[in-house]
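Just target.pdb here, PDB, C-alpha atoms, pLDDT in the B column:
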MODEL        1
ATOM      1  CA  MET A   1    -121.803 -38.352 -36.287  1.00 71.00           C
ATOM      2  CA  ALA A   2    -122.563 -39.554 -39.826  1.00 85.00           C
ATOM      3  CA  PRO A   3    -120.515 -42.226 -41.593  1.00 92.00           C
ATOM      4  CA  GLU A   4    -117.823 -41.228 -44.080  1.00 97.00           C
ATOM      5  CA  LEU A   5    -117.937 -43.192 -47.308  1.00 97.00           C
ATOM      6  CA  VAL A   6    -114.969 -43.523 -49.672  1.00 97.00           C
ATOM      7  CA  VAL A   7    -115.650 -45.438 -52.904  1.00 97.00           C
ATOM      8  CA  LEU A   8    -112.621 -46.705 -54.827  1.00 97.00           C
ATOM      9  CA  ASN A   9    -111.954 -48.443 -58.101  1.00 97.00           C
ATOM     10  CA  PRO A  10    -111.246 -52.141 -57.368  1.00 96.00           C
ATOM     11  CA  ALA A  11    -107.862 -51.977 -59.093  1.00 96.00           C
ATOM     12  CA  ALA A  12    -106.703 -49.232 -56.756  1.00 96.00           C
ATOM     13  CA  PHE A  13    -108.443 -50.429 -53.612  1.00 98.00           C
ATOM     14  CA  GLY A  14    -105.450 -51.896 -51.771  1.00 97.00           C
ATOM     15  CA  THR A  15    -103.148 -48.936 -52.365  1.00 97.00           C
ATOM     16  CA  LEU A  16    -105.646 -46.143 -51.730  1.00 98.00           C
ATOM     17  CA  ALA A  17    -107.213 -47.801 -48.691  1.00 98.00           C
ATOM     18  CA  ALA A  18    -103.736 -48.322 -47.217  1.00 98.00           C
ATOM     19  CA  ARG A  19    -102.920 -44.686 -47.930  1.00 98.00           C
ATOM     20  CA  ARG A  20    -105.980 -43.541 -46.008  1.00 98.00           C
ATOM     21  CA  ILE A  21    -105.228 -45.806 -43.039  1.00 98.00           C
ATOM     22  CA  ALA A  22    -101.639 -44.502 -43.016  1.00 98.00           C
ATOM     23  CA  ALA A  23    -103.020 -40.967 -42.924  1.00 98.00           C
ATOM     24  CA  GLU A  24    -105.246 -41.860 -39.975  1.00 98.00           C
ATOM     25  CA  ILE A  25    -102.296 -43.359 -38.061  1.00 98.00           C
ATOM     26  CA  ARG A  26    -100.292 -40.182 -38.674  1.00 97.00           C
ATOM     27  CA  ARG A  27    -103.268 -38.084 -37.541  1.00 98.00           C
ATOM     28  CA  VAL A  28    -103.457 -39.982 -34.244  1.00 98.00           C
ATOM     29  CA  LEU A  29     -99.706 -39.723 -33.669  1.00 98.00           C
ATOM     30  CA  ARG A  30     -99.791 -35.966 -34.143  1.00 97.00           C
ATOM     31  CA  SER A  31    -101.964 -35.631 -31.050  1.00 96.00           C
ATOM     32  CA  ARG A  32    -101.102 -38.736 -29.017  1.00 95.00           C
ATOM     33  CA  ASP A  33     -97.877 -40.407 -27.962  1.00 96.00           C
ATOM     34  CA  ARG A  34     -99.034 -43.808 -29.199  1.00 97.00           C
ATOM     35  CA  CYS A  35    -101.632 -45.186 -31.625  1.00 98.00           C
ATOM     36  CA  SER A  36    -103.610 -48.311 -30.762  1.00 98.00           C
ATOM     37  CA  LEU A  37    -104.539 -50.079 -33.996  1.00 98.00           C
ATOM     38  CA  GLY A  38    -107.001 -52.992 -34.087  1.00 98.00           C
ATOM     39  CA  LEU A  39    -106.717 -55.366 -37.069  1.00 98.00           C
ATOM     40  CA  SER A  40    -109.161 -57.861 -38.535  1.00 98.00           C
ATOM     41  CA  GLY A  41    -108.553 -60.939 -40.648  1.00 95.00           C
ATOM     42  CA  GLY A  42    -110.230 -62.041 -43.858  1.00 92.00           C
ATOM     43  CA  GLU A  43    -109.421 -61.617 -47.521  1.00 93.00           C
ATOM     44  CA  THR A  44    -110.531 -57.994 -47.928  1.00 96.00           C
ATOM     45  CA  PRO A  45    -107.862 -56.488 -45.650  1.00 97.00           C
ATOM     46  CA  ARG A  46    -105.063 -58.603 -47.148  1.00 96.00           C
ATOM     47  CA  PRO A  47    -104.149 -56.310 -50.108  1.00 96.00           C
ATOM     48  CA  VAL A  48    -104.526 -53.285 -47.830  1.00 98.00           C
ATOM     49  CA  TYR A  49    -102.084 -54.689 -45.279  1.00 97.00           C
ATOM     50  CA  GLN A  50     -99.698 -55.604 -48.114  1.00 96.00           C
ATOM     51  CA  ARG A  51     -99.541 -51.935 -49.108  1.00 97.00           C
ATOM     52  CA  LEU A  52     -99.603 -50.335 -45.662  1.00 97.00           C
ATOM     53  CA  ALA A  53     -95.895 -50.722 -44.946  1.00 93.00           C
ATOM     54  CA  ALA A  54     -95.091 -48.869 -48.178  1.00 94.00           C
ATOM     55  CA  GLU A  55     -97.638 -46.139 -47.500  1.00 96.00           C
ATOM     56  CA  LEU A  56     -96.332 -45.588 -43.957  1.00 95.00           C
ATOM     57  CA  PRO A  57     -92.557 -46.186 -44.221  1.00 95.00           C
ATOM     58  CA  GLU A  58     -91.444 -44.140 -41.207  1.00 93.00           C
ATOM     59  CA  ARG A  59     -89.738 -46.209 -38.515  1.00 94.00           C
ATOM     60  CA  GLU A  60     -90.594 -43.599 -35.910  1.00 93.00           C
ATOM     61  CA  SER A  61     -94.315 -43.944 -36.615  1.00 95.00           C
ATOM     62  CA  TRP A  62     -94.444 -47.726 -36.328  1.00 96.00           C
ATOM     63  CA  SER A  63     -92.385 -47.703 -33.137  1.00 96.00           C
ATOM     64  CA  ARG A  64     -95.269 -45.771 -31.562  1.00 97.00           C
ATOM     65  CA  VAL A  65     -98.038 -48.124 -32.794  1.00 97.00           C
ATOM     66  CA  GLU A  66     -99.562 -50.868 -30.657  1.00 98.00           C
ATOM     67  CA  VAL A  67    -101.320 -53.577 -32.662  1.00 98.00           C
ATOM     68  CA  TYR A  68    -104.364 -55.430 -31.365  1.00 98.00           C
ATOM     69  CA  PHE A  69    -106.800 -57.846 -33.012  1.00 98.00           C
ATOM     70  CA  ALA A  70    -110.567 -57.665 -33.415  1.00 98.00           C
ATOM     71  CA  ASP A  71    -110.916 -61.444 -33.464  1.00 98.00           C
ATOM     72  CA  GLU A  72    -108.994 -64.666 -33.849  1.00 98.00           C
ATOM     73  CA  ARG A  73    -109.708 -68.224 -34.854  1.00 98.00           C
ATOM     74  CA  CYS A  74    -108.892 -70.762 -32.146  1.00 98.00           C
ATOM     75  CA  VAL A  75    -105.920 -72.237 -33.973  1.00 98.00           C
ATOM     76  CA  PRO A  76    -102.142 -72.043 -33.418  1.00 97.00           C
ATOM     77  CA  PRO A  77    -100.527 -68.771 -34.539  1.00 98.00           C
ATOM     78  CA  ASP A  78     -98.784 -70.478 -37.465  1.00 97.00           C
ATOM     79  CA  ASP A  79    -101.993 -72.080 -38.756  1.00 97.00           C
ATOM     80  CA  PRO A  80    -103.105 -70.876 -42.233  1.00 96.00           C
ATOM     81  CA  ALA A  81    -106.460 -69.871 -40.711  1.00 97.00           C
ATOM     82  CA  SER A  82    -104.862 -67.612 -38.087  1.00 98.00           C
ATOM     83  CA  ASN A  83    -105.644 -63.913 -38.393  1.00 98.00           C
ATOM     84  CA  TYR A  84    -102.357 -63.181 -36.646  1.00 98.00           C
ATOM     85  CA  ARG A  85    -100.421 -65.196 -39.232  1.00 98.00           C
ATOM     86  CA  MET A  86    -102.104 -63.315 -42.079  1.00 97.00           C
ATOM     87  CA  ALA A  87    -101.318 -59.950 -40.491  1.00 97.00           C
ATOM     88  CA  ARG A  88     -97.741 -61.010 -39.739  1.00 97.00           C
ATOM     89  CA  GLU A  89     -97.032 -62.230 -43.274  1.00 97.00           C
ATOM     90  CA  THR A  90     -98.700 -59.323 -45.074  1.00 97.00           C
ATOM     91  CA  LEU A  91     -97.820 -56.436 -42.759  1.00 97.00           C
ATOM     92  CA  LEU A  92     -95.982 -56.981 -39.485  1.00 97.00           C
ATOM     93  CA  ASP A  93     -92.926 -58.726 -40.946  1.00 96.00           C
ATOM     94  CA  LEU A  94     -92.557 -55.981 -43.562  1.00 94.00           C
ATOM     95  CA  LEU A  95     -92.494 -52.978 -41.260  1.00 95.00           C
ATOM     96  CA  PRO A  96     -89.363 -50.833 -40.878  1.00 92.00           C
ATOM     97  CA  ALA A  97     -89.681 -50.927 -37.080  1.00 91.00           C
ATOM     98  CA  PRO A  98     -91.590 -53.493 -35.035  1.00 89.00           C
ATOM     99  CA  PRO A  99     -94.742 -52.215 -33.364  1.00 95.00           C
ATOM    100  CA  ARG A 100     -95.792 -53.725 -30.073  1.00 96.00           C
ATOM    101  CA  VAL A 101     -98.106 -56.581 -31.052  1.00 98.00           C
ATOM    102  CA  HIS A 102    -100.762 -57.957 -28.713  1.00 98.00           C
ATOM    103  CA  ARG A 103    -101.822 -61.313 -30.106  1.00 98.00           C
ATOM    104  CA  MET A 104    -105.051 -63.095 -29.173  1.00 98.00           C
ATOM    105  CA  GLU A 105    -103.999 -66.533 -27.907  1.00 98.00           C
ATOM    106  CA  GLY A 106    -106.646 -68.512 -29.723  1.00 96.00           C
ATOM    107  CA  GLU A 107    -104.710 -71.755 -29.313  1.00 97.00           C
ATOM    108  CA  ARG A 108    -105.244 -71.865 -25.535  1.00 97.00           C
ATOM    109  CA  SER A 109    -107.420 -74.765 -24.401  1.00 96.00           C
ATOM    110  CA  ASP A 110    -109.300 -72.560 -21.944  1.00 98.00           C
ATOM    111  CA  ARG A 111    -111.034 -70.197 -24.371  1.00 98.00           C
ATOM    112  CA  ASP A 112    -112.712 -68.130 -21.671  1.00 98.00           C
ATOM    113  CA  ALA A 113    -109.411 -67.595 -19.873  1.00 98.00           C
ATOM    114  CA  ALA A 114    -107.846 -66.495 -23.178  1.00 98.00           C
ATOM    115  CA  ALA A 115    -110.700 -64.032 -23.711  1.00 98.00           C
ATOM    116  CA  ARG A 116    -110.373 -62.597 -20.212  1.00 98.00           C
ATOM    117  CA  ALA A 117    -106.617 -62.267 -20.577  1.00 98.00           C
ATOM    118  CA  TYR A 118    -107.035 -60.340 -23.808  1.00 98.00           C
ATOM    119  CA  GLU A 119    -109.650 -57.955 -22.519  1.00 97.00           C
ATOM    120  CA  ALA A 120    -107.202 -57.096 -19.729  1.00 97.00           C
ATOM    121  CA  LEU A 121    -104.687 -56.051 -22.421  1.00 97.00           C
ATOM    122  CA  LEU A 122    -107.050 -53.880 -24.432  1.00 98.00           C
ATOM    123  CA  PRO A 123    -106.870 -50.133 -23.925  1.00 97.00           C
ATOM    124  CA  GLU A 124    -110.008 -48.367 -22.784  1.00 97.00           C
ATOM    125  CA  ARG A 125    -110.516 -47.173 -26.357  1.00 98.00           C
ATOM    126  CA  LEU A 126    -108.798 -48.269 -29.544  1.00 98.00           C
ATOM    127  CA  ASP A 127    -107.730 -45.326 -31.648  1.00 98.00           C
ATOM    128  CA  LEU A 128    -108.362 -47.143 -34.930  1.00 98.00           C
ATOM    129  CA  LEU A 129    -110.262 -50.389 -35.441  1.00 98.00           C
ATOM    130  CA  VAL A 130    -110.103 -51.953 -38.904  1.00 98.00           C
ATOM    131  CA  LEU A 131    -113.078 -54.176 -39.664  1.00 98.00           C
ATOM    132  CA  GLY A 132    -114.193 -56.297 -42.577  1.00 98.00           C
ATOM    133  CA  LEU A 133    -117.853 -56.929 -43.381  1.00 98.00           C
ATOM    134  CA  GLY A 134    -119.202 -60.351 -44.268  1.00 97.00           C
ATOM    135  CA  ALA A 135    -121.911 -60.984 -46.822  1.00 98.00           C
ATOM    136  CA  ASP A 136    -124.146 -61.798 -43.845  1.00 98.00           C
ATOM    137  CA  GLY A 137    -123.322 -58.442 -42.231  1.00 98.00           C
ATOM    138  CA  HIS A 138    -120.915 -59.758 -39.580  1.00 98.00           C
ATOM    139  CA  ILE A 139    -117.897 -57.838 -38.305  1.00 98.00           C
ATOM    140  CA  ALA A 140    -115.011 -59.345 -36.306  1.00 98.00           C
ATOM    141  CA  SER A 141    -116.599 -62.645 -35.161  1.00 98.00           C
ATOM    142  CA  LEU A 142    -119.890 -60.996 -34.246  1.00 98.00           C
ATOM    143  CA  PHE A 143    -122.380 -62.849 -36.403  1.00 98.00           C
ATOM    144  CA  PRO A 144    -126.101 -62.102 -36.882  1.00 98.00           C
ATOM    145  CA  ARG A 145    -128.315 -63.194 -33.993  1.00 97.00           C
ATOM    146  CA  SER A 146    -125.322 -64.185 -31.863  1.00 97.00           C
ATOM    147  CA  PRO A 147    -125.739 -63.855 -28.065  1.00 96.00           C
ATOM    148  CA  SER A 148    -122.479 -61.874 -28.056  1.00 97.00           C
ATOM    149  CA  LEU A 149    -124.288 -58.975 -29.753  1.00 98.00           C
ATOM    150  CA  VAL A 150    -126.145 -58.119 -26.536  1.00 96.00           C
ATOM    151  CA  GLU A 151    -122.997 -58.226 -24.379  1.00 97.00           C
ATOM    152  CA  SER A 152    -122.583 -54.957 -22.514  1.00 96.00           C
ATOM    153  CA  GLU A 153    -119.854 -55.681 -19.936  1.00 96.00           C
ATOM    154  CA  ARG A 154    -117.343 -58.219 -21.260  1.00 98.00           C
ATOM    155  CA  ARG A 155    -115.033 -56.809 -23.935  1.00 98.00           C
ATOM    156  CA  VAL A 156    -113.740 -60.092 -25.365  1.00 98.00           C
ATOM    157  CA  LEU A 157    -115.625 -63.372 -25.585  1.00 98.00           C
ATOM    158  CA  ALA A 158    -115.064 -66.919 -26.744  1.00 98.00           C
ATOM    159  CA  VAL A 159    -117.776 -67.561 -29.337  1.00 98.00           C
ATOM    160  CA  ALA A 160    -119.013 -70.202 -31.751  1.00 96.00           C
ATOM    161  CA  ALA A 161    -119.134 -69.010 -35.367  1.00 96.00           C
ATOM    162  CA  PRO A 162    -121.524 -70.411 -37.997  1.00 95.00           C
ATOM    163  CA  LYS A 163    -118.599 -70.926 -40.400  1.00 92.00           C
ATOM    164  CA  PRO A 164    -115.306 -72.770 -40.024  1.00 93.00           C
ATOM    165  CA  PRO A 165    -113.263 -72.669 -37.951  1.00 94.00           C
ATOM    166  CA  PRO A 166    -116.154 -72.318 -35.477  1.00 96.00           C
ATOM    167  CA  GLU A 167    -114.253 -71.667 -32.244  1.00 98.00           C
ATOM    168  CA  ARG A 168    -113.123 -68.049 -32.027  1.00 98.00           C
ATOM    169  CA  LEU A 169    -112.291 -65.127 -29.793  1.00 98.00           C
ATOM    170  CA  THR A 170    -113.848 -61.760 -30.590  1.00 98.00           C
ATOM    171  CA  VAL A 171    -114.148 -58.245 -29.274  1.00 98.00           C
ATOM    172  CA  THR A 172    -117.694 -57.321 -28.290  1.00 98.00           C
ATOM    173  CA  PRO A 173    -120.003 -54.383 -29.130  1.00 98.00           C
ATOM    174  CA  PRO A 174    -118.618 -52.178 -26.320  1.00 98.00           C
ATOM    175  CA  VAL A 175    -115.155 -52.304 -27.940  1.00 98.00           C
ATOM    176  CA  VAL A 176    -116.511 -51.449 -31.386  1.00 98.00           C
ATOM    177  CA  ARG A 177    -118.617 -48.579 -30.073  1.00 98.00           C
ATOM    178  CA  ALA A 178    -115.770 -47.190 -27.948  1.00 98.00           C
ATOM    179  CA  ALA A 179    -113.223 -47.051 -30.785  1.00 98.00           C
ATOM    180  CA  ARG A 180    -112.260 -43.506 -31.680  1.00 98.00           C
ATOM    181  CA  LEU A 181    -112.568 -44.463 -35.349  1.00 98.00           C
ATOM    182  CA  THR A 182    -113.752 -47.665 -36.988  1.00 98.00           C
ATOM    183  CA  ILE A 183    -112.586 -48.290 -40.545  1.00 98.00           C
ATOM    184  CA  GLY A 184    -114.758 -50.688 -42.538  1.00 98.00           C
ATOM    185  CA  LEU A 185    -113.135 -52.305 -45.583  1.00 98.00           C
ATOM    186  CA  VAL A 186    -115.642 -53.810 -48.026  1.00 98.00           C
ATOM    187  CA  THR A 187    -115.169 -55.182 -51.543  1.00 98.00           C
ATOM    188  CA  GLY A 188    -117.211 -57.163 -54.030  1.00 98.00           C
ATOM    189  CA  ALA A 189    -120.780 -57.331 -55.289  1.00 97.00           C
ATOM    190  CA  GLY A 190    -121.503 -60.179 -52.885  1.00 98.00           C
ATOM    191  CA  LYS A 191    -121.312 -57.723 -49.978  1.00 98.00           C
ATOM    192  CA  ALA A 192    -123.354 -54.926 -51.574  1.00 98.00           C
ATOM    193  CA  GLU A 193    -126.559 -55.776 -49.732  1.00 97.00           C
ATOM    194  CA  ALA A 194    -124.781 -56.165 -46.387  1.00 98.00           C
ATOM    195  CA  LEU A 195    -123.123 -52.770 -46.840  1.00 98.00           C
ATOM    196  CA  ALA A 196    -126.451 -51.159 -47.739  1.00 97.00           C
ATOM    197  CA  GLN A 197    -127.984 -52.637 -44.596  1.00 97.00           C
ATOM    198  CA  ALA A 198    -125.043 -51.517 -42.442  1.00 97.00           C
ATOM    199  CA  LEU A 199    -125.223 -47.926 -43.661  1.00 97.00           C
ATOM    200  CA  HIS A 200    -128.879 -47.380 -44.555  1.00 95.00           C
ATOM    201  CA  GLY A 201    -130.862 -50.278 -43.133  1.00 95.00           C
ATOM    202  CA  PRO A 202    -132.778 -50.544 -39.853  1.00 95.00           C
ATOM    203  CA  ASP A 203    -130.786 -49.796 -36.711  1.00 95.00           C
ATOM    204  CA  ASP A 204    -130.677 -53.486 -35.826  1.00 96.00           C
ATOM    205  CA  ALA A 205    -127.228 -54.808 -34.981  1.00 97.00           C
ATOM    206  CA  ASP A 206    -128.730 -58.201 -34.158  1.00 97.00           C
ATOM    207  CA  GLN A 207    -129.656 -58.607 -37.825  1.00 97.00           C
ATOM    208  CA  THR A 208    -126.682 -56.685 -39.262  1.00 98.00           C
ATOM    209  CA  PRO A 209    -123.747 -56.450 -36.822  1.00 98.00           C
ATOM    210  CA  GLY A 210    -122.082 -53.984 -39.173  1.00 98.00           C
ATOM    211  CA  ARG A 211    -124.520 -51.392 -37.803  1.00 98.00           C
ATOM    212  CA  LEU A 212    -122.275 -51.235 -34.725  1.00 98.00           C
ATOM    213  CA  ALA A 213    -119.717 -49.396 -36.859  1.00 98.00           C
ATOM    214  CA  TRP A 214    -122.275 -47.324 -38.791  1.00 97.00           C
ATOM    215  CA  ASP A 215    -120.771 -43.946 -37.916  1.00 96.00           C
ATOM    216  CA  GLY A 216    -117.204 -44.787 -38.878  1.00 98.00           C
ATOM    217  CA  LEU A 217    -115.119 -44.520 -42.036  1.00 98.00           C
ATOM    218  CA  TRP A 218    -116.158 -46.971 -44.761  1.00 98.00           C
ATOM    219  CA  ILE A 219    -113.675 -47.617 -47.571  1.00 98.00           C
ATOM    220  CA  VAL A 220    -115.385 -49.701 -50.249  1.00 98.00           C
ATOM    221  CA  ASP A 221    -115.030 -50.566 -53.900  1.00 98.00           C
ATOM    222  CA  THR A 222    -117.520 -49.728 -56.630  1.00 97.00           C
ATOM    223  CA  ALA A 223    -119.004 -53.225 -56.679  1.00 98.00           C
ATOM    224  CA  ALA A 224    -119.731 -53.180 -52.939  1.00 98.00           C
ATOM    225  CA  SER A 225    -121.318 -49.732 -53.215  1.00 97.00           C
ATOM    226  CA  ALA A 226    -123.778 -50.758 -55.948  1.00 96.00           C
ATOM    227  CA  ARG A 227    -126.901 -50.748 -53.743  1.00 94.00           C
ATOM    228  CA  LEU A 228    -126.188 -47.704 -51.639  1.00 94.00           C
ATOM    229  CA  ALA A 229    -127.898 -45.098 -53.820  1.00 72.00           C
ATOM    230  CA  ALA A 230    -131.168 -47.052 -53.754  1.00 57.00           C
ATOM    231  CA  ARG A 231    -131.137 -47.214 -49.943  1.00 55.00           C
ATOM    232  CA  ARG A 232    -130.579 -43.520 -49.231  1.00 53.00           C
TER     233      ARG A 232
ENDMDL
END

If you convert what's in this file into structure tokens, what do you get?
Amino acid sequence: MAPELVVLNPAAFGTLAARRIAAEIRRVLRSRDRCSLGLSGGETPRPVYQRLAAELPERESWSRVEVYFADERCVPPDDPASNYRMARETLLDLLPAPPRVHRMEGERSDRDAAARAYEALLPERLDLLVLGLGADGHIASLFPRSPSLVESERRVLAVAAPKPPPERLTVTPPVVRAARLTIGLVTGAGKAEALAQALHGPDDADQTPGRLAWDGLWIVDTAASARLAARR
């Protein structure tokens, strides 16, 4: 399966990306009783989440969605760095009906126990997994050359990130690869090289973790897509 690339004008990115994600949720719900939706943190998804409630206003749809998280910083849920807090403020609190939300408990002192508890909650396959892409090619909290990139059995790990806050929980490659559809959201010229590597570079997830989601849907802006033509 080849990746699907959607390139958007930066001014319309939030609205049109949210519209496409809403369409994917509806597509899942047409064939399944429930939709499992994995969310990521970061600045790129923020405007998309802010528009998603408006693009998918049906109470009946959201009542059938289960929300999971791709990663979490090991901070309390009300901390400004919390991915859960960002998702709650930009999306979850705005929805017409509350989905069932499965929060990563990053604040627990026993990080490994928190990771094991979360992997017990995860479905066998997420229907949709929304991912950002860092300028270094990382997705979730899977950073280049991290030992977590060779994990083949555990589905959630406590990891140390090379950027603050360093202590995090993250899904592992088996979760990314098992997702029925990954949706990469990428904006800005600073991520153009990482996106080119993820889509057209060597098949080396250790160097570019974004390669794990290579065959998914990539929704990017024109600045992020600048180096793609040269890499094809």

Using the chain letters and numbering of this document, enumerate as a count of residues only the residues selected by the PyMOL selection byres ((chain A and resi 51) around 12). 29

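Shell of segment 197-203 of chain A at 9 Å, with only C-alpha atoms counted and residues fewer than 4 places along the chain excluded, is A:Pro3, A:Gly137, A:Ala192, A:Glu193, A:Gln207, A:Thr208, A:Pro209, A:Gly210, A:Arg211, A:Leu212, A:Ala213, A:Trp214, A:Asp215, A:Leu228, A:Arg231, A:Arg232.
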
Set the distance at 6 Å and use all atoms listed in the file: which residues neighbour segment 68-76 of chain A once local chain neighbours fewer than 5 positions away are removed? I'd like the list as a JSON list (two decimals) with C-alpha atoms, in the coordinates of the input.
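Full text of result_33.json as output:
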[["chain", "number", "residue", "atom", "x", "y", "z"],
["A", 37, "LEU", "CA", -104.54, -50.08, -34.00],
["A", 38, "GLY", "CA", -107.00, -52.99, -34.09],
["A", 39, "LEU", "CA", -106.72, -55.37, -37.07],
["A", 40, "SER", "CA", -109.16, -57.86, -38.53],
["A", 82, "SER", "CA", -104.86, -67.61, -38.09],
["A", 83, "ASN", "CA", -105.64, -63.91, -38.39],
["A", 102, "HIS", "CA", -100.76, -57.96, -28.71],
["A", 106, "GLY", "CA", -106.65, -68.51, -29.72],
["A", 107, "GLU", "CA", -104.71, -71.76, -29.31],
["A", 140, "ALA", "CA", -115.01, -59.34, -36.31],
["A", 167, "GLU", "CA", -114.25, -71.67, -32.24],
["A", 168, "ARG", "CA", -113.12, -68.05, -32.03],
["A", 169, "LEU", "CA", -112.29, -65.13, -29.79],
["A", 170, "THR", "CA", -113.85, -61.76, -30.59],
["A", 171, "VAL", "CA", -114.15, -58.24, -29.27]]

Can you tell me, as AutoDock Vina command-line options, the centre and edge lengths (Å, one decimal) of the axis-aligned box enclosing all of segment 87-99 of chain A's listed atoms after padding each side by 8 Å?
--center_x -95.3 --center_y -56.5 --center_z -39.2 --size_x 28.0 --size_y 27.4 --size_z 27.7

Given all atoms listed in the file as the counted atoms, nearest of A:Leu121, A:Ala223, A:Ala229, A:Leu217 to Ala11 of chain A: A:Ala223

Distance atom CA of Cys35 of chain A-atom CA of Ile183 of chain A, one decimal place? 14.5 Å

Using only C-alpha atoms for the distances, tell me which of A:Glu151, A:Glu4, A:Glu66, A:Glu89 is nearest to Thr172 of chain A. A:Glu151

Incomplete segment 55-67 of chain A filled out to N, CA and C atoms as a compact mmCIF listing (two decimals), keeping the file's coordinate frame:
# COMPACT_ATOMS: atom_id res chain seq x y z
N GLU A 55 -96.97 -47.43 -47.63
CA GLU A 55 -97.64 -46.14 -47.50
C GLU A 55 -97.28 -45.43 -46.19
N LEU A 56 -96.78 -46.19 -45.22
CA LEU A 56 -96.33 -45.59 -43.96
C LEU A 56 -94.94 -46.13 -43.65
N PRO A 57 -93.90 -45.60 -44.33
CA PRO A 57 -92.56 -46.19 -44.22
C PRO A 57 -91.73 -45.67 -43.05
N GLU A 58 -92.26 -44.74 -42.25
CA GLU A 58 -91.44 -44.14 -41.21
C GLU A 58 -91.27 -45.07 -40.01
N ARG A 59 -90.03 -45.38 -39.68
CA ARG A 59 -89.74 -46.21 -38.52
C ARG A 59 -90.31 -45.58 -37.25
N GLU A 60 -90.17 -44.27 -37.12
CA GLU A 60 -90.59 -43.60 -35.91
C GLU A 60 -92.10 -43.75 -35.69
N SER A 61 -92.86 -43.77 -36.76
CA SER A 61 -94.32 -43.94 -36.62
C SER A 61 -94.65 -45.34 -36.10
N TRP A 62 -94.10 -46.36 -36.73
CA TRP A 62 -94.44 -47.73 -36.33
C TRP A 62 -93.95 -48.06 -34.92
N SER A 63 -92.87 -47.44 -34.49
CA SER A 63 -92.38 -47.70 -33.14
C SER A 63 -93.34 -47.18 -32.08
N ARG A 64 -94.28 -46.33 -32.49
CA ARG A 64 -95.27 -45.77 -31.56
C ARG A 64 -96.65 -46.39 -31.75
N VAL A 65 -96.75 -47.44 -32.56
CA VAL A 65 -98.04 -48.12 -32.79
C VAL A 65 -98.12 -49.38 -31.95
N GLU A 66 -99.28 -49.61 -31.34
CA GLU A 66 -99.56 -50.87 -30.66
C GLU A 66 -100.67 -51.58 -31.42
N VAL A 67 -100.40 -52.82 -31.82
CA VAL A 67 -101.32 -53.58 -32.66
C VAL A 67 -102.13 -54.55 -31.81
